[in-house]
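What follows is a short report on a single structure.
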2 protein chains.
Amino acid sequence: MFIGFSEAETFLRNCEDAVIITHQNPDGDCIGAGFGLKDILDSLGKRSRVVCSDEFPKRYDFLTNTGCGEDFEPKSIIAVDVADTKLMGKYKEIYGDKVQLCIDHHISNKDYAQQTLLRGNATAACEVIYDLALYMKLQISRHCAMCLYTGIATDSGCFKYDCTTPRAHEIAAEMMKRFDINFARINRYMFDVKSVGRIRLETKVNALMESYLDGKLTIAAVTQDMMKEMGVSIDELEGFAPLTIQLEDTEVGILLRQREDGVFKCSFRSANDVNVSEICQTLGGGGHAKAAGCTVSGTLDEAKQLLVETVRKALG
Amino acid sequence: MFIGFSEAETFLRNCEDAVIITHQNPDGDCIGAGFGLKDILDSLGKRSRVVCSDEFPKRYDFLTNTGCGEDFEPKSIIAVDVADTKLMGKYKEIYGDKVQLCIDHHISNKDYAQQTLLRGNATAACEVIYDLALYMKLQISRHCAMCLYTGIATDSGCFKYDCTTPRAHEIAAEMMKRFDINFARINRYMFDVKSVGRIRLETKVNALMESYLDGKLTIAAVTQDMMKEMGVSIDELEGFAPLTIQLEDTEVGILLRQREDGVFKCSFRSANDVNVSEICQTLGGGGHAKAAGCTVSGTLDEAKQLLVETVRKALG
């Protein structure tokens, strides 16, 4: 059931020994929302614990170093930034059908919780939590502000993408005025810092880019043989799809990664207005308008040919 | 003489046939400020013309395509985002000592104009112009909003750097609410789009990076021989210095480019709190705390050794 701020406030003020579930493959928004909400519950004198099916990446240490919370038998079950119980990973089985409050911003939220505070037009779950704290007239801590800023910044691509709301900017302005958070340092670690290995792989993926359809389509394909030569796994090439839309004329970019069974995982990105979710749906996949995916079988040449033809039709 | 909004309003309401001077090597802020101010003068029924010592780069076509303005003998001389007349290039000789109004945000502004509206704490000259338009109770156009957004976004690194003010975020929020500007598309072209040549050169510069002082210093050096091999000029390697602070542990990054006379141009960047302007001053150069430069003579090895020793001392 979808609820408003008032019911969410009532829940938080009455909850006890809460577990806060974040999604698998954790990102800045679910980590910021989880640890930000934990701070808020701390300030209300409630015990809470943040859990995640995967380890929190090291670069979020500045948020997670306050600790995930004590071990206790939870009485209240909360999920943040989790649109679907299947994104809970190993926690789906334990808590999937017991979530009492979900705070989210994904329009695709499955309404699996007893109560869901959903703002489908918000940039980030952290934006919803900030406004909830404001509604509850709570003084958030500096650490909580850092958590919520990080979530808003990461989900908006540092205010770059069209999911950025005016409210996201307003909250950033309020936080900069009220808290001495080193936002530039946060942004450096979230957006600019790269490992030597990352730079090396970007170079390799850049070298593989091929242009089709007068430059409107860019494809970079990495086969199992290439991965062996580079000394990387298919997972290590996660997150390189945005490189395929760097070139000015590109409207659609596709990163192909061959699985061990020979099938190609295809990660689509849209530079502007082309809806790649619709394109992927015609190939049995799906996703968002600007980021979607599908799988394609066959040889590399067959896969490329199918993708080029499918995108050609979509571009009209 | 430094003035406030009231005197700036009086000047703009009384000016006639104005030339608006932007700085050489034009960037998003001076272009946005120049064309944004031209829009404002248009709305006041004043003729104006935007001039620049260099051509406006093609990627700003979406701002400059309204035209620089008619050719006329100017009666009013305005400079925007120009801290020093020497930055006017060829226009210094014509207008350098005749500027009546300067609108700027550089704390280093030389106060060369008859009247200077300086907000040294503003993110961008465009932030000052937006607030001036608000003070004057003017309705700005959508094109003007695009100009001013672009200036604020580019000078703040899309709200990433510590020069970003709360006001910059507030203005972005106001613009998103009031105007249907495609800010995501602007940001894509300003921050994400790269040419094939740019990607190729980034790859080369990345391959040249060397770590010193336990990784706290990164140096990338490009000699004349290397440039000949790469087929690029020293100018084409402008703007690659930020690559030197990509690595996590790096505090100081230096890009060395050898001039034809053998001397090395050194572009310093600071990742966090080290003041590279102070370091460059000890070598006869200067600049800003986070971006500065100097020149160093000698062989490549001698230059590197001098830089490593100088940075070692500065890091303490």
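Following the order of the structure tokens, first chain is A, next is B, and so on, with residues numbered from 1 inside each chain and ligands from 1 in the order they appear.
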### Task
Show me which bits of chain A are within 8 Å of chain B, counting only C-alpha atoms, as a VMD selection string.
chain A and resid 158 to 162 165 to 170 172 to 174 176 to 177 182 to 185 187 to 189 192 to 196 199 203 206 245 to 248 271 to 272
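Residues with any atom within 12 Å of Gly293 of chain B, counting only C-alpha atoms and excluding same-chain neighbours fewer than 6 positions away, are Ala241, Gly253, Ile254, Leu255, Leu256, Arg257, Phe264, Lys265, Cys266, Ser267, Phe268, Arg269, Ser270, Asn275, Val276, Ser277, Glu278, Ile279, Cys280, Gln281, Thr282, Leu283, Gly284, Gly285, Gly286, Gly287 and Leu307 of chain B.
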So that I can see what lies close to segment 309-312 of chain B, please list as a tab-separated table (two decimals) with C-alpha atoms, in the first residue's frame the residues with an atom at most 8 Å from it, counting only C-alpha atoms and leaving out residues fewer than 2 positions away in the same chain.
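Saved as out-v3.tsv:
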```
chain	number	residue	atom	x	y	z
B	213	LEU	CA	56.33	9.92	-3.48
B	217	LEU	CA	52.57	12.70	-6.96
B	252	VAL	CA	49.37	16.49	-6.82
B	279	ILE	CA	54.27	25.25	-5.14
B	305	GLN	CA	63.80	15.56	-10.45
B	306	LEU	CA	63.25	19.26	-9.69
B	307	LEU	CA	59.47	18.80	-9.63
B	314	ALA	CA	55.65	21.04	-0.11
B	315	LEU	CA	54.00	17.82	1.12
B	316	GLY	CA	56.22	18.09	4.23
```
### Task
Determine which residues of segment 76-144 of chain A DSSP labels as strand (DSSP E) from the backbone of this structure, then write them out as an NGL selection string.
:A and (76-80 or 101-104 or 115-118)
Name the residues in contact with Lys98 of chain A at a cut-off of 12 Å, using only C-alpha atoms, excluding same-chain residues fewer than 6 positions from it; report them as a PDB file with C-alpha atoms, in the first residue's frame.
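Below you can see part03.pdb, which holds the result:
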```pdb
ATOM      1  CA  VAL A  19      16.586  -3.922  10.110  1.00  0.00           C
ATOM      2  CA  ILE A  21      17.532  -3.658   3.836  1.00  0.00           C
ATOM      3  CA  PRO A  74      14.592  -7.375  14.355  1.00  0.00           C
ATOM      4  CA  LYS A  75      11.022  -6.391  15.163  1.00  0.00           C
ATOM      5  CA  SER A  76      10.635  -3.852  12.340  1.00  0.00           C
ATOM      6  CA  ILE A  77      11.589  -4.536   8.729  1.00  0.00           C
ATOM      7  CA  ILE A  78      12.382  -1.578   6.457  1.00  0.00           C
ATOM      8  CA  ALA A  79      13.678  -1.543   2.858  1.00  0.00           C
ATOM      9  CA  THR A  85      12.215  -8.162  -3.374  1.00  0.00           C
ATOM     10  CA  TYR A  91      17.759 -11.381   2.259  1.00  0.00           C
ATOM     11  CA  LYS A  92      14.755 -12.000   0.010  1.00  0.00           C
ATOM     12  CA  TYR A 112       5.628  -5.586  -2.077  1.00  0.00           C
ATOM     13  CA  ALA A 113       5.782  -3.942   1.351  1.00  0.00           C
ATOM     14  CA  GLN A 114       2.920  -3.441   3.831  1.00  0.00           C
ATOM     15  CA  GLN A 115       3.466   0.315   3.449  1.00  0.00           C
TER      16      GLN A 115
END
```
#### Entry: Contacts of Leu118 of chain A within 7 Å, only C-alpha atoms, excl. fewer than 5 positions in-chain, as a ChimeraX atom specification
/A:2,103-105
Would you save the residues from that selection as a PDB file, in the first residue's frame, using all heavy atoms?
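What ended up in part13.pdb:
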```pdb
ATOM      1  N   PHE A   2       0.543   2.179  -0.897  1.00  0.00           N
ATOM      2  CA  PHE A   2       1.333   3.403  -0.942  1.00  0.00           C
ATOM      3  C   PHE A   2       0.840   4.389   0.110  1.00  0.00           C
ATOM      4  O   PHE A   2      -0.364   4.566   0.308  1.00  0.00           O
ATOM      5  CB  PHE A   2       1.268   4.018  -2.348  1.00  0.00           C
ATOM      6  CG  PHE A   2       1.939   3.153  -3.373  1.00  0.00           C
ATOM      7  CD1 PHE A   2       1.200   2.526  -4.376  1.00  0.00           C
ATOM      8  CD2 PHE A   2       3.305   2.932  -3.317  1.00  0.00           C
ATOM      9  CE1 PHE A   2       1.829   1.691  -5.303  1.00  0.00           C
ATOM     10  CE2 PHE A   2       3.941   2.103  -4.241  1.00  0.00           C
ATOM     11  CZ  PHE A   2       3.193   1.480  -5.233  1.00  0.00           C
ATOM     12  N   ILE A 103      10.899   2.628   1.514  1.00  0.00           N
ATOM     13  CA  ILE A 103      11.055   4.015   1.067  1.00  0.00           C
ATOM     14  C   ILE A 103      11.803   3.966  -0.256  1.00  0.00           C
ATOM     15  O   ILE A 103      12.916   3.448  -0.331  1.00  0.00           O
ATOM     16  CB  ILE A 103      11.833   4.868   2.102  1.00  0.00           C
ATOM     17  CG1 ILE A 103      11.134   4.794   3.467  1.00  0.00           C
ATOM     18  CG2 ILE A 103      11.958   6.314   1.624  1.00  0.00           C
ATOM     19  CD1 ILE A 103      11.846   5.570   4.569  1.00  0.00           C
ATOM     20  N   ASP A 104      11.191   4.479  -1.313  1.00  0.00           N
ATOM     21  CA  ASP A 104      11.774   4.270  -2.646  1.00  0.00           C
ATOM     22  C   ASP A 104      11.432   5.418  -3.590  1.00  0.00           C
ATOM     23  O   ASP A 104      10.555   6.246  -3.304  1.00  0.00           O
ATOM     24  CB  ASP A 104      11.248   2.937  -3.218  1.00  0.00           C
ATOM     25  CG  ASP A 104      12.039   2.464  -4.432  1.00  0.00           C
ATOM     26  OD1 ASP A 104      13.150   2.969  -4.654  1.00  0.00           O
ATOM     27  OD2 ASP A 104      11.529   1.590  -5.163  1.00  0.00           O
ATOM     28  N   HIS A 105      12.142   5.431  -4.726  1.00  0.00           N
ATOM     29  CA  HIS A 105      11.889   6.439  -5.766  1.00  0.00           C
ATOM     30  C   HIS A 105      11.765   5.794  -7.144  1.00  0.00           C
ATOM     31  O   HIS A 105      11.725   6.509  -8.146  1.00  0.00           O
ATOM     32  CB  HIS A 105      13.014   7.490  -5.777  1.00  0.00           C
ATOM     33  CG  HIS A 105      14.310   6.955  -6.317  1.00  0.00           C
ATOM     34  ND1 HIS A 105      14.893   7.446  -7.463  1.00  0.00           N
ATOM     35  CD2 HIS A 105      15.108   5.947  -5.897  1.00  0.00           C
ATOM     36  CE1 HIS A 105      16.018   6.784  -7.701  1.00  0.00           C
ATOM     37  NE2 HIS A 105      16.171   5.867  -6.774  1.00  0.00           N
TER      38      HIS A 105
END
```
Nearby residues (only C-alpha atoms) at most 12 Å from Glu7 of chain B, same-chain spacing under 2 positions excluded, as an mmCIF file with N, CA, C and O atoms, in the first residue's frame:
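Listing of part.cif after writing:
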```cif
data_model
loop_
_atom_site.group_PDB
_atom_site.id
_atom_site.type_symbol
_atom_site.label_atom_id
_atom_site.label_comp_id
_atom_site.auth_asym_id
_atom_site.auth_seq_id
_atom_site.Cartn_x
_atom_site.Cartn_y
_atom_site.Cartn_z
ATOM 1 N N MET B 1 36.445 50.768 -9.811
ATOM 2 C CA MET B 1 35.643 50.932 -8.603
ATOM 3 C C MET B 1 34.631 49.780 -8.505
ATOM 4 O O MET B 1 33.967 49.460 -9.485
ATOM 5 N N PHE B 2 34.557 49.178 -7.335
ATOM 6 C CA PHE B 2 33.610 48.083 -7.164
ATOM 7 C C PHE B 2 32.226 48.629 -6.829
ATOM 8 O O PHE B 2 32.105 49.573 -6.037
ATOM 9 N N ILE B 3 31.230 48.080 -7.469
ATOM 10 C CA ILE B 3 29.867 48.583 -7.306
ATOM 11 C C ILE B 3 28.925 47.445 -6.920
ATOM 12 O O ILE B 3 29.308 46.271 -6.923
ATOM 13 N N GLY B 4 27.682 47.803 -6.595
ATOM 14 C CA GLY B 4 26.669 46.812 -6.253
ATOM 15 C C GLY B 4 25.646 46.658 -7.374
ATOM 16 O O GLY B 4 25.779 47.273 -8.445
ATOM 17 N N PHE B 5 24.614 45.840 -7.116
ATOM 18 C CA PHE B 5 23.581 45.593 -8.127
ATOM 19 C C PHE B 5 22.888 46.876 -8.575
ATOM 20 O O PHE B 5 22.544 47.040 -9.744
ATOM 21 N N GLU B 9 22.535 48.022 -12.329
ATOM 22 C CA GLU B 9 21.223 48.187 -12.976
ATOM 23 C C GLU B 9 21.151 49.543 -13.685
ATOM 24 O O GLU B 9 20.722 49.627 -14.842
ATOM 25 N N THR B 10 21.564 50.601 -12.981
ATOM 26 C CA THR B 10 21.537 51.951 -13.563
ATOM 27 C C THR B 10 22.342 51.970 -14.865
ATOM 28 O O THR B 10 21.892 52.498 -15.881
ATOM 29 N N PHE B 11 23.541 51.353 -14.819
ATOM 30 C CA PHE B 11 24.376 51.339 -16.019
ATOM 31 C C PHE B 11 23.651 50.639 -17.174
ATOM 32 O O PHE B 11 23.558 51.166 -18.283
ATOM 33 N N LEU B 12 23.117 49.432 -16.907
ATOM 34 C CA LEU B 12 22.501 48.657 -17.991
ATOM 35 C C LEU B 12 21.263 49.356 -18.552
ATOM 36 O O LEU B 12 21.010 49.326 -19.759
ATOM 37 N N ARG B 13 20.507 50.010 -17.663
ATOM 38 C CA ARG B 13 19.282 50.677 -18.135
ATOM 39 C C ARG B 13 19.610 51.927 -18.944
ATOM 40 O O ARG B 13 18.797 52.396 -19.727
ATOM 41 N N ASN B 14 20.828 52.471 -18.768
ATOM 42 C CA ASN B 14 21.201 53.697 -19.477
ATOM 43 C C ASN B 14 22.209 53.479 -20.598
ATOM 44 O O ASN B 14 22.549 54.420 -21.312
ATOM 45 N N GLN B 100 33.679 50.221 -19.226
ATOM 46 C CA GLN B 100 32.853 50.994 -18.290
ATOM 47 C C GLN B 100 32.247 50.107 -17.201
ATOM 48 O O GLN B 100 32.132 50.515 -16.050
ATOM 49 N N LEU B 101 31.830 48.881 -17.616
ATOM 50 C CA LEU B 101 31.254 47.956 -16.633
ATOM 51 C C LEU B 101 31.885 46.585 -16.815
ATOM 52 O O LEU B 101 31.925 46.053 -17.925
ATOM 53 N N CYS B 102 32.375 46.022 -15.718
ATOM 54 C CA CYS B 102 32.863 44.642 -15.726
ATOM 55 C C CYS B 102 32.015 43.849 -14.743
ATOM 56 O O CYS B 102 31.785 44.299 -13.616
ATOM 57 N N ILE B 103 31.532 42.690 -15.203
ATOM 58 C CA ILE B 103 30.777 41.790 -14.315
ATOM 59 C C ILE B 103 31.611 40.523 -14.171
ATOM 60 O O ILE B 103 31.908 39.851 -15.163
ATOM 61 N N GLN B 114 35.835 51.035 -15.156
ATOM 62 C CA GLN B 114 35.324 52.189 -14.396
ATOM 63 C C GLN B 114 34.428 51.712 -13.254
ATOM 64 O O GLN B 114 34.485 52.236 -12.145
ATOM 65 N N GLN B 115 33.598 50.706 -13.538
ATOM 66 C CA GLN B 115 32.738 50.127 -12.505
ATOM 67 C C GLN B 115 32.818 48.601 -12.614
ATOM 68 O O GLN B 115 32.718 48.058 -13.716
ATOM 69 N N THR B 116 33.000 47.940 -11.492
ATOM 70 C CA THR B 116 33.103 46.474 -11.501
ATOM 71 C C THR B 116 32.112 45.874 -10.512
ATOM 72 O O THR B 116 32.169 46.155 -9.312
ATOM 73 N N LEU B 117 31.197 45.060 -11.051
ATOM 74 C CA LEU B 117 30.287 44.295 -10.197
ATOM 75 C C LEU B 117 30.967 42.951 -9.949
ATOM 76 O O LEU B 117 30.955 42.068 -10.798
ATOM 77 N N LEU B 132 21.622 39.487 -10.929
ATOM 78 C CA LEU B 132 21.419 40.874 -11.353
ATOM 79 C C LEU B 132 20.079 41.001 -12.088
ATOM 80 O O LEU B 132 19.306 41.952 -11.847
ATOM 81 N N TYR B 135 17.423 40.926 -9.560
ATOM 82 C CA TYR B 135 17.405 42.218 -8.855
ATOM 83 C C TYR B 135 16.682 43.276 -9.695
ATOM 84 O O TYR B 135 15.934 44.099 -9.171
ATOM 85 N N MET B 136 16.901 43.203 -11.024
ATOM 86 C CA MET B 136 16.292 44.177 -11.935
ATOM 87 C C MET B 136 14.849 43.812 -12.267
ATOM 88 O O MET B 136 14.196 44.503 -13.052
#
```
### Task
Mind giving me the straight-line distance from atom CA of Asp111 of chain B to atom CA of Phe56 of chain B in Å, one decimal?
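Rounded to one decimal, the two atoms are 25.6 Å apart.
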### Task
Using DSSP on the backbone, list every residue of segment 6-131 of chain A that comes out as alpha helix (DSSP H), and give them as a ChimeraX atom specification.
/A:6-14,28-43,61-64,91-95,125-131
### Message
Using Å and a single decimal, report how far atom CA of Lys228 of chain B sits from atom CA of Thr299 of chain B.
### Response
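Atom CA of Lys228 of chain B lies at a distance of 17.7 Å from atom CA of Thr299 of chain B.
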